[in-house]
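Engineer: Contents of run09.cif (mmCIF, C-alpha atoms):
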data_start
loop_
_atom_site.label_atom_id
_atom_site.label_comp_id
_atom_site.auth_asym_id
_atom_site.auth_seq_id
_atom_site.Cartn_x
_atom_site.Cartn_y
_atom_site.Cartn_z
CA ILE A 23 23.07 -98.67 57.33
CA CYS A 24 20.62 -96.72 55.15
CA GLN A 25 22.37 -93.49 56.09
CA LEU A 26 25.78 -94.89 55.13
CA PHE A 27 24.34 -96.45 51.95
CA ARG A 28 22.99 -93.09 50.78
CA GLU A 29 26.07 -91.21 51.95
CA PHE A 30 28.41 -93.35 49.85
CA LEU A 31 26.26 -93.44 46.71
CA PHE A 32 25.79 -89.67 46.64
CA THR A 33 29.60 -89.33 46.47
CA LYS A 34 29.54 -91.61 43.38
CA ASP A 35 26.97 -89.49 41.51
CA PHE A 36 23.99 -91.77 42.10
CA ILE A 37 20.50 -90.27 42.07
CA GLU A 38 17.85 -91.48 44.53
CA ILE A 39 14.59 -92.54 42.88
CA HIS A 40 11.20 -93.69 44.20
CA THR A 41 9.34 -96.34 42.23
CA PRO A 42 5.76 -97.69 42.51
CA LYS A 43 4.93 -100.45 44.98
CA LEU A 44 1.51 -101.09 43.38
CA ILE A 45 2.24 -102.58 39.97
CA ALA A 46 0.32 -104.34 37.21
CA GLY A 47 2.31 -107.60 37.22
CA GLU A 48 5.14 -109.50 38.85
CA SER A 49 8.53 -107.80 38.94
CA GLU A 50 10.44 -110.97 39.89
CA THR A 51 9.58 -114.26 38.20
CA GLY A 52 9.83 -117.16 40.60
CA ALA A 53 9.15 -115.04 43.70
CA GLY A 54 5.76 -115.20 45.41
CA VAL A 55 3.56 -112.16 44.88
CA PHE A 56 0.83 -110.51 46.95
CA THR A 57 -2.19 -109.39 44.90
CA THR A 58 -4.92 -106.87 45.63
CA ASP A 59 -7.96 -105.38 43.92
CA TYR A 60 -7.14 -102.19 42.03
CA PHE A 61 -10.45 -100.62 40.97
CA GLY A 62 -11.70 -103.81 39.40
CA THR A 63 -8.37 -105.12 38.13
CA THR A 64 -5.65 -107.09 39.91
CA ALA A 65 -2.51 -105.34 41.08
CA CYS A 66 0.59 -106.74 42.78
CA LEU A 67 2.73 -105.48 45.61
CA ALA A 68 6.20 -104.97 44.12
CA GLN A 69 8.72 -107.76 44.74
CA SER A 70 11.51 -105.35 43.78
CA PRO A 71 12.04 -102.08 41.90
CA GLN A 72 13.96 -104.03 39.25
CA LEU A 73 12.07 -103.08 36.09
CA TYR A 74 11.78 -99.44 37.10
CA LYS A 75 15.48 -99.13 37.93
CA GLN A 76 16.27 -100.31 34.42
CA MET A 77 13.72 -97.96 32.88
CA ALA A 78 15.42 -95.13 34.75
CA ILE A 79 18.71 -96.10 33.09
CA SER A 80 16.95 -96.06 29.70
CA GLY A 81 15.75 -92.54 30.56
CA ASP A 82 19.38 -91.34 30.73
CA LEU A 83 19.82 -91.48 34.49
CA PRO A 84 23.21 -93.20 34.50
CA ARG A 85 23.31 -94.20 38.20
CA VAL A 86 20.27 -94.67 40.45
CA PHE A 87 19.42 -96.13 43.84
CA GLU A 88 16.36 -96.66 45.99
CA VAL A 89 15.55 -97.50 49.60
CA GLY A 90 12.08 -98.95 49.87
CA PRO A 91 9.79 -101.83 50.90
CA VAL A 92 9.89 -105.19 49.14
CA PHE A 93 7.10 -107.77 49.38
CA ARG A 94 7.49 -111.54 48.98
CA ALA A 95 4.47 -113.87 49.38
CA GLU A 96 6.64 -116.85 50.19
CA LYS A 97 5.67 -119.19 53.03
CA SER A 98 9.24 -119.41 54.27
CA ASN A 99 9.25 -119.91 58.03
CA THR A 100 13.01 -119.70 58.39
CA ARG A 101 15.24 -117.58 60.57
CA ARG A 102 16.40 -115.50 57.59
CA HIS A 103 13.24 -114.80 55.54
CA LEU A 104 10.60 -112.07 55.82
CA CYS A 105 7.47 -111.35 53.76
CA GLU A 106 8.20 -107.62 53.83
CA PHE A 107 11.66 -106.16 54.10
CA THR A 108 13.56 -103.02 53.16
CA GLY A 109 15.43 -103.22 49.88
CA LEU A 110 18.58 -101.25 49.14
CA ASP A 111 18.78 -101.23 45.34
CA ILE A 112 21.25 -99.79 42.86
CA GLU A 113 21.52 -99.76 39.08
CA MET A 114 24.25 -98.20 36.95
CA ALA A 115 25.39 -97.89 33.37
CA ILE A 116 28.64 -99.72 32.66
CA ASP A 117 31.33 -99.06 30.08
CA ASP A 118 33.05 -102.43 29.59
CA HIS A 119 32.25 -105.07 32.22
CA TYR A 120 29.93 -105.76 35.16
CA LEU A 121 33.04 -105.83 37.37
CA GLU A 122 32.60 -102.04 37.44
CA THR A 123 29.42 -102.57 39.47
CA LEU A 124 31.06 -105.15 41.74
CA GLU A 125 33.80 -102.65 42.55
CA VAL A 126 31.27 -99.94 43.42
CA VAL A 127 29.26 -102.30 45.64
CA HIS A 128 32.41 -103.61 47.35
CA ASP A 129 33.55 -100.08 48.15
CA MET A 130 30.03 -99.28 49.36
CA PHE A 131 30.08 -102.18 51.82
CA LYS A 132 33.54 -101.13 53.02
CA HIS A 133 32.08 -97.70 53.74
CA ILE A 134 29.06 -99.20 55.52
CA PHE A 135 30.99 -101.68 57.64
CA GLY A 136 33.65 -99.13 58.58
CA GLY A 137 31.04 -96.47 59.31
CA LEU A 138 29.06 -98.75 61.60
CA GLU A 139 32.12 -99.33 63.78
CA THR A 140 33.30 -95.72 63.88
CA LYS A 141 29.97 -93.87 64.06
CA PHE A 142 27.79 -96.29 65.99
CA GLY A 143 30.23 -97.91 68.42
CA LYS A 144 28.03 -97.16 71.45
CA GLU A 145 24.99 -98.84 69.90
CA LEU A 146 27.04 -101.82 68.73
CA ALA A 147 28.49 -102.28 72.22
CA CYS A 148 24.97 -102.49 73.67
CA VAL A 149 23.92 -105.17 71.18
CA ARG A 150 27.16 -107.10 71.65
CA GLU A 151 26.44 -107.46 75.36
CA GLN A 152 23.69 -109.91 74.34
CA TYR A 153 24.78 -111.10 70.88
CA GLU A 154 28.48 -111.65 70.43
CA SER A 155 29.96 -110.41 67.14
CA GLU A 156 33.21 -109.03 65.82
CA PRO A 157 33.71 -106.30 63.23
CA VAL A 158 33.36 -107.73 59.72
CA LEU A 159 36.59 -108.62 57.93
CA ILE A 160 36.61 -107.18 54.40
CA THR A 161 39.45 -107.04 51.88
CA GLU A 162 40.70 -103.90 50.19
CA GLU A 163 39.79 -105.26 46.74
CA PRO A 164 36.78 -107.47 45.90
CA VAL A 165 37.08 -111.23 46.37
CA VAL A 166 35.16 -112.64 43.38
CA MET A 167 34.78 -116.40 43.10
CA HIS A 168 33.47 -117.95 39.87
CA TRP A 169 30.75 -120.61 39.88
CA PRO A 170 32.98 -123.55 38.69
CA GLU A 171 35.48 -122.80 41.46
CA ALA A 172 32.65 -122.78 44.03
CA MET A 173 31.44 -126.16 42.78
CA ASP A 174 34.97 -127.56 43.09
CA ILE A 175 35.20 -126.33 46.68
CA LEU A 176 31.82 -127.78 47.61
CA GLU A 177 32.73 -131.16 46.13
CA ALA A 178 35.97 -131.11 48.11
CA GLU A 179 33.89 -130.33 51.21
CA GLY A 180 31.82 -133.47 50.60
CA PHE A 181 28.70 -131.99 49.01
CA ASP A 182 26.89 -133.65 46.10
CA VAL A 183 26.48 -130.82 43.56
CA GLY A 184 24.81 -133.00 40.91
CA ASP A 185 24.98 -131.40 37.47
CA ARG A 186 26.53 -128.23 39.00
CA LEU A 187 23.59 -126.14 37.77
CA GLN A 188 21.44 -126.05 40.92
CA ASP A 189 21.17 -123.11 43.31
CA LEU A 190 23.10 -123.18 46.57
CA THR A 191 21.59 -124.52 49.76
CA GLY A 192 22.05 -122.74 53.08
CA ALA A 193 24.58 -125.36 54.17
CA GLN A 194 26.58 -124.89 50.96
CA GLU A 195 26.63 -121.11 51.44
CA LEU A 196 28.00 -121.52 54.96
CA ALA A 197 30.65 -123.97 53.77
CA LEU A 198 31.80 -121.57 51.04
CA GLY A 199 31.89 -118.74 53.54
CA ARG A 200 34.09 -120.77 55.88
CA VAL A 201 36.56 -121.71 53.11
CA VAL A 202 36.72 -118.14 51.79
CA ARG A 203 37.39 -116.77 55.27
CA GLU A 204 40.19 -119.28 55.81
CA THR A 205 41.70 -118.57 52.38
CA TYR A 206 41.24 -114.80 52.00
CA GLN A 207 40.66 -113.61 55.58
CA THR A 208 37.35 -111.97 54.69
CA ASP A 209 33.74 -112.30 55.86
CA PHE A 210 32.45 -110.72 52.64
CA PHE A 211 32.82 -112.16 49.15
CA MET A 212 31.12 -112.33 45.76
CA LEU A 213 30.19 -115.33 43.62
CA ASP A 214 29.51 -114.78 39.92
CA GLN A 215 28.64 -116.66 36.72
CA TYR A 216 25.54 -118.39 38.11
CA PRO A 217 23.74 -120.85 35.81
CA SER A 218 21.29 -119.00 33.55
CA SER A 219 18.51 -121.47 34.42
CA ILE A 220 18.26 -120.22 38.01
CA ARG A 221 18.37 -116.48 37.29
CA PRO A 222 15.56 -114.10 36.18
CA PHE A 223 14.71 -113.38 32.54
CA TYR A 224 16.39 -109.95 32.54
CA THR A 225 19.83 -111.44 33.30
CA MET A 226 22.52 -111.20 30.62
CA HIS A 227 24.03 -114.55 29.64
CA SER A 228 27.77 -115.15 29.63
CA PRO A 229 29.35 -114.27 26.26
CA THR A 230 31.51 -117.41 26.42
CA ASP A 231 28.85 -119.93 27.49
CA PRO A 232 25.10 -119.07 27.55
CA GLN A 233 24.54 -121.87 30.07
CA TYR A 234 25.98 -119.39 32.59
CA SER A 235 25.15 -115.74 33.23
CA ASN A 236 26.76 -112.43 34.09
CA SER A 237 25.10 -112.57 37.48
CA TYR A 238 26.38 -112.57 41.04
CA ASP A 239 25.43 -112.90 44.69
CA MET A 240 27.27 -111.42 47.67
CA PHE A 241 27.73 -113.11 51.00
CA LEU A 242 28.31 -111.93 54.55
CA ARG A 243 29.48 -114.42 57.16
CA GLY A 244 28.53 -117.26 54.82
CA GLN A 245 24.99 -116.15 53.93
CA GLU A 246 23.63 -114.27 50.93
CA ILE A 247 22.79 -110.60 51.46
CA CYS A 248 22.75 -109.29 47.90
CA SER A 249 21.86 -110.48 44.42
CA GLY A 250 22.55 -108.79 41.11
CA ALA A 251 23.60 -109.06 37.48
CA GLN A 252 24.35 -107.36 34.25
CA ARG A 253 20.94 -106.90 32.62
CA CYS A 254 19.84 -107.63 29.07
CA HIS A 255 19.60 -104.28 27.32
CA ASP A 256 18.56 -105.51 23.86
CA PRO A 257 14.72 -105.63 23.57
CA GLU A 258 14.62 -108.64 21.25
CA MET A 259 16.95 -110.57 23.54
CA VAL A 260 14.71 -109.68 26.52
CA LEU A 261 11.65 -110.97 24.64
CA GLN A 262 13.42 -114.20 23.76
CA LYS A 263 14.48 -114.77 27.37
CA MET A 264 10.98 -114.06 28.64
CA ARG A 265 9.59 -116.73 26.33
CA GLU A 266 12.30 -119.17 27.36
CA LYS A 267 11.26 -118.62 30.99
CA GLY A 268 7.61 -119.26 30.13
CA ILE A 269 6.36 -115.74 30.79
CA ASP A 270 3.00 -115.58 29.08
CA GLU A 271 2.42 -113.25 26.15
CA GLU A 272 -0.75 -111.78 27.68
CA SER A 273 1.15 -110.36 30.62
CA LEU A 274 3.53 -108.81 28.10
CA ALA A 275 0.83 -107.35 25.88
CA GLY A 276 -1.23 -105.66 28.57
CA GLY A 277 0.99 -105.04 31.57
CA SER A 278 4.04 -103.20 32.71
CA LEU A 279 6.35 -105.65 30.93
CA LYS A 280 5.38 -104.13 27.59
CA ALA A 281 6.42 -100.67 28.77
CA TYR A 282 9.60 -102.16 30.21
CA VAL A 283 10.65 -103.78 26.90
CA ASN A 284 9.64 -100.71 24.89
CA SER A 285 11.82 -98.50 27.08
CA PHE A 286 14.87 -100.17 25.50
CA ARG A 287 13.80 -99.68 21.88
CA ASP A 288 15.37 -96.26 21.45
CA GLY A 289 18.64 -97.46 22.92
CA VAL A 290 19.90 -97.95 26.46
CA ALA A 291 23.40 -98.17 27.90
CA PRO A 292 24.64 -101.58 29.07
CA HIS A 293 23.92 -101.69 32.78
CA ALA A 294 24.14 -103.79 35.91
CA GLY A 295 22.86 -103.55 39.44
CA ALA A 296 22.16 -105.21 42.74
CA GLY A 297 19.49 -105.60 45.39
CA ILE A 298 20.36 -105.86 49.09
CA GLY A 299 18.13 -106.94 51.97
CA LEU A 300 18.60 -104.45 54.80
CA GLU A 301 17.35 -106.71 57.60
CA ARG A 302 19.50 -109.59 56.37
CA VAL A 303 22.60 -107.36 56.59
CA VAL A 304 21.70 -106.19 60.12
CA PHE A 305 20.95 -109.77 61.23
CA LEU A 306 24.28 -111.13 60.00
CA TYR A 307 26.41 -108.13 60.92
CA LEU A 308 25.21 -108.25 64.53
CA GLY A 309 25.30 -112.04 64.82
CA LEU A 310 21.60 -112.22 65.73
CA ASP A 311 19.87 -115.59 65.83
CA ASN A 312 16.84 -114.52 63.76
CA VAL A 313 16.24 -111.88 61.09
CA ARG A 314 13.01 -110.88 62.84
CA LYS A 315 15.17 -109.25 65.53
CA ALA A 316 16.57 -106.95 62.82
CA SER A 317 13.09 -105.59 62.00
CA MET A 318 11.11 -103.22 64.21
CA PHE A 319 7.78 -104.71 63.08
CA PRO A 320 8.55 -107.98 61.29
CA ARG A 321 6.18 -109.50 58.74
CA ASP A 322 6.34 -113.25 58.21
CA PRO A 323 3.77 -115.88 57.16
CA ASN A 324 2.34 -115.90 60.70
CA ARG A 325 2.54 -112.22 61.63
CA CYS A 326 0.81 -109.18 60.17
CA SER A 327 0.50 -107.05 63.31
CA PRO A 328 1.23 -104.83 65.13
#
Can I see the file as structure tokens?
Structural biologist:
Amino acid sequence: ICQLFREFLFTKDFIEIHTPKLIAGESETGAGVFTTDYFGTTACLAQSPQLYKQMAISGDLPRVFEVGPVFRAEKSNTRRHLCEFTGLDIEMAIDDHYLETLEVVHDMFKHIFGGLETKFGKELACVREQYESEPVLITEEPVVMHWPEAMDILEAEGFDVGDRLQDLTGAQELALGRVVRETYQTDFFMLDQYPSSIRPFYTMHSPTDPQYSNSYDMFLRGQEICSGAQRCHDPEMVLQKMREKGIDEESLAGGSLKAYVNSFRDGVAPHAGAGIGLERVVFLYLGLDNVRKASMFPRDPNRCSP
């Protein structure tokens, strides 16, 4: 998958970058963070390359990607969560709309899914002797569902969605995946316009209703494999959103967030991106029963060796 990921992005003029994994502060608000001593100060293991991808865009690299480790200190003992996984990240300047990014990512997944079947048929056949799976169905053009439509579907399926502003549960994801497959004959779809309250501070709000955002998740066989958004590229707007999310001013003044905000002050192109969990894709593509089977040396809350 990494080979096919790189292969496709190089044809679309993306540049591979390598960002730090020891950082001065959290890169993802709301995600658990591992800390370590760094010569008398506290450093964090990066939860994503998010801030650095955006700083690369501000440095006039119009399209970038990275393959690298991601660390999440979340005590999630589920079949689809790991404390360390491999992230496949992209970021790109956009001209008019974040749909440009969705189209690139959709075409990328078409290349990956098709390449797996044509180039790695022997390996897939071996796995499928134990874990039954079929090639992924994917449409020629992206299937993009908007948040209100998803809420309507879930209500029709019998779910209580409350104020319609809460994140999806695993059961709701699976239900949406089933309905989309029946309606559009695809195992892969995108859901956009998530409520702003459940997305990170760097997410651009919707121009028509700030209660929602220009953000999106992507789903494979009814489970999320990718999250992304158009990013805020105006420094004052970023500062305002940070304060709204309760990010303390001290972390801004002394840490990497200050450099991040300052990188936009001389101008940066509007941009959007996405982060994909490699093991999650492998797990769902192959129909495995646990994401740990998609990792050579899995790391979860109970395992840190070998």
Engineer: Atom CA of Pro84 of chain A to atom CA of Leu44 of chain A: how many Å, to one decimal?
Structural biologist: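 That distance, rounded to one decimal, is 24.7 Å.
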Engineer: Starting from the displayed file, determine the output of the PyMOL selection byres ((chain A and resi 122) around 12) and express the residue list as a ChimeraX atom specification.
Structural biologist: /A:113-121,123-129,164,251-252,292-295
Engineer: Any idea what the distance is between atom CA of Leu306 of chain A and atom CA of Arg85 of chain A?
Structural biologist: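 These atoms are spaced 27.6 Å apart.
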Engineer: A:Pro323, A:Gly184, A:Gly81, A:Pro42: which is nearest Ser285 of chain A, counting only C-alpha atoms?
Structural biologist: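 Smallest separation from Ser285 of chain A among the options: A:Gly81.
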Engineer: In Å to one decimal, how far is atom CA of Gly109 of chain A from atom CA of Leu308 of chain A?
Structural biologist: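 Calculated distance between atom CA of Leu308 of chain A and atom CA of Gly109 of chain A is 18.3 Å.
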Engineer: Convert the output of the PyMOL selection byres ((chain A and resi 304) around 10) on the shown file into explicit residues, formatted as a VMD selection string.
Structural biologist: chain A and resid 23 247 299 to 303 305 to 310 313 315 to 317
Engineer: Since the input is missing atoms for segment 279-290 of chain A, could you rebuild it with all heavy atoms and give the result as a tab-separated table (two decimals), in the frame of the given file?
Structural biologist:
chain	number	residue	atom	x	y	z
A	279	LEU	N	5.23	-105.08	31.66
A	279	LEU	CA	6.35	-105.65	30.93
A	279	LEU	C	6.47	-105.08	29.52
A	279	LEU	O	7.57	-104.95	28.99
A	279	LEU	CB	6.23	-107.17	30.87
A	279	LEU	CG	6.50	-107.91	32.18
A	279	LEU	CD1	6.32	-109.41	32.00
A	279	LEU	CD2	7.90	-107.62	32.70
A	280	LYS	N	5.33	-104.73	28.93
A	280	LYS	CA	5.38	-104.13	27.59
A	280	LYS	C	6.10	-102.79	27.64
A	280	LYS	O	6.97	-102.49	26.79
A	280	LYS	CB	3.97	-103.95	27.04
A	280	LYS	CG	3.93	-103.39	25.63
A	280	LYS	CD	2.51	-103.30	25.10
A	280	LYS	CE	2.49	-102.76	23.68
A	280	LYS	NZ	1.10	-102.64	23.15
A	281	ALA	N	5.76	-101.97	28.63
A	281	ALA	CA	6.42	-100.67	28.77
A	281	ALA	C	7.91	-100.85	29.07
A	281	ALA	O	8.75	-100.08	28.58
A	281	ALA	CB	5.74	-99.86	29.88
A	282	TYR	N	8.21	-101.86	29.86
A	282	TYR	CA	9.60	-102.16	30.21
A	282	TYR	C	10.42	-102.49	28.96
A	282	TYR	O	11.48	-101.91	28.72
A	282	TYR	CB	9.61	-103.33	31.20
A	282	TYR	CG	10.93	-104.01	31.41
A	282	TYR	CD1	11.94	-103.41	32.16
A	282	TYR	CD2	11.16	-105.29	30.90
A	282	TYR	CE1	13.15	-104.07	32.37
A	282	TYR	CE2	12.36	-105.95	31.12
A	282	TYR	CZ	13.35	-105.33	31.85
A	282	TYR	OH	14.54	-105.98	32.06
A	283	VAL	N	9.93	-103.40	28.13
A	283	VAL	CA	10.65	-103.78	26.90
A	283	VAL	C	10.74	-102.59	25.96
A	283	VAL	O	11.80	-102.31	25.38
A	283	VAL	CB	9.97	-104.98	26.22
A	283	VAL	CG1	10.64	-105.28	24.88
A	283	VAL	CG2	10.02	-106.21	27.11
A	284	ASN	N	9.65	-101.85	25.81
A	284	ASN	CA	9.64	-100.71	24.89
A	284	ASN	C	10.62	-99.62	25.32
A	284	ASN	O	11.10	-98.85	24.48
A	284	ASN	CB	8.23	-100.14	24.76
A	284	ASN	CG	7.32	-101.01	23.92
A	284	ASN	OD1	7.79	-101.88	23.18
A	284	ASN	ND2	6.02	-100.79	24.01
A	285	SER	N	10.91	-99.54	26.60
A	285	SER	CA	11.82	-98.50	27.08
A	285	SER	C	13.23	-98.69	26.54
A	285	SER	O	14.04	-97.76	26.56
A	285	SER	CB	11.85	-98.47	28.62
A	285	SER	OG	12.55	-99.59	29.14
A	286	PHE	N	13.54	-99.90	26.05
A	286	PHE	CA	14.87	-100.17	25.50
A	286	PHE	C	14.95	-99.92	23.99
A	286	PHE	O	16.03	-99.97	23.42
A	286	PHE	CB	15.27	-101.63	25.76
A	286	PHE	CG	15.36	-102.01	27.21
A	286	PHE	CD1	15.21	-103.33	27.61
A	286	PHE	CD2	15.62	-101.06	28.19
A	286	PHE	CE1	15.30	-103.70	28.94
A	286	PHE	CE2	15.70	-101.42	29.53
A	286	PHE	CZ	15.54	-102.74	29.90
A	287	ARG	N	13.82	-99.68	23.36
A	287	ARG	CA	13.80	-99.68	21.88
A	287	ARG	C	14.52	-98.49	21.26
A	287	ARG	O	14.96	-98.57	20.11
A	287	ARG	CB	12.36	-99.77	21.37
A	287	ARG	CG	11.71	-101.11	21.73
A	287	ARG	CD	10.51	-101.43	20.86
A	287	ARG	NE	9.90	-102.71	21.23
A	287	ARG	CZ	10.34	-103.89	20.84
A	287	ARG	NH1	11.41	-103.97	20.07
A	287	ARG	NH2	9.73	-105.00	21.24
A	288	ASP	N	14.64	-97.41	21.99
A	288	ASP	CA	15.37	-96.26	21.45
A	288	ASP	C	16.82	-96.24	21.90
A	288	ASP	O	17.53	-95.25	21.71
A	288	ASP	CB	14.67	-94.95	21.86
A	288	ASP	CG	13.33	-94.78	21.17
A	288	ASP	OD1	13.20	-95.22	20.01
A	288	ASP	OD2	12.41	-94.22	21.80
A	289	GLY	N	17.25	-97.35	22.48
A	289	GLY	CA	18.64	-97.46	22.92
A	289	GLY	C	18.79	-97.24	24.41
A	289	GLY	O	18.16	-96.36	24.99
A	290	VAL	N	19.61	-98.07	25.03
A	290	VAL	CA	19.90	-97.95	26.46
A	290	VAL	C	21.32	-98.43	26.70
A	290	VAL	O	21.80	-99.36	26.03
A	290	VAL	CB	18.88	-98.76	27.30
A	290	VAL	CG1	18.91	-100.24	26.93
A	290	VAL	CG2	19.15	-98.60	28.80
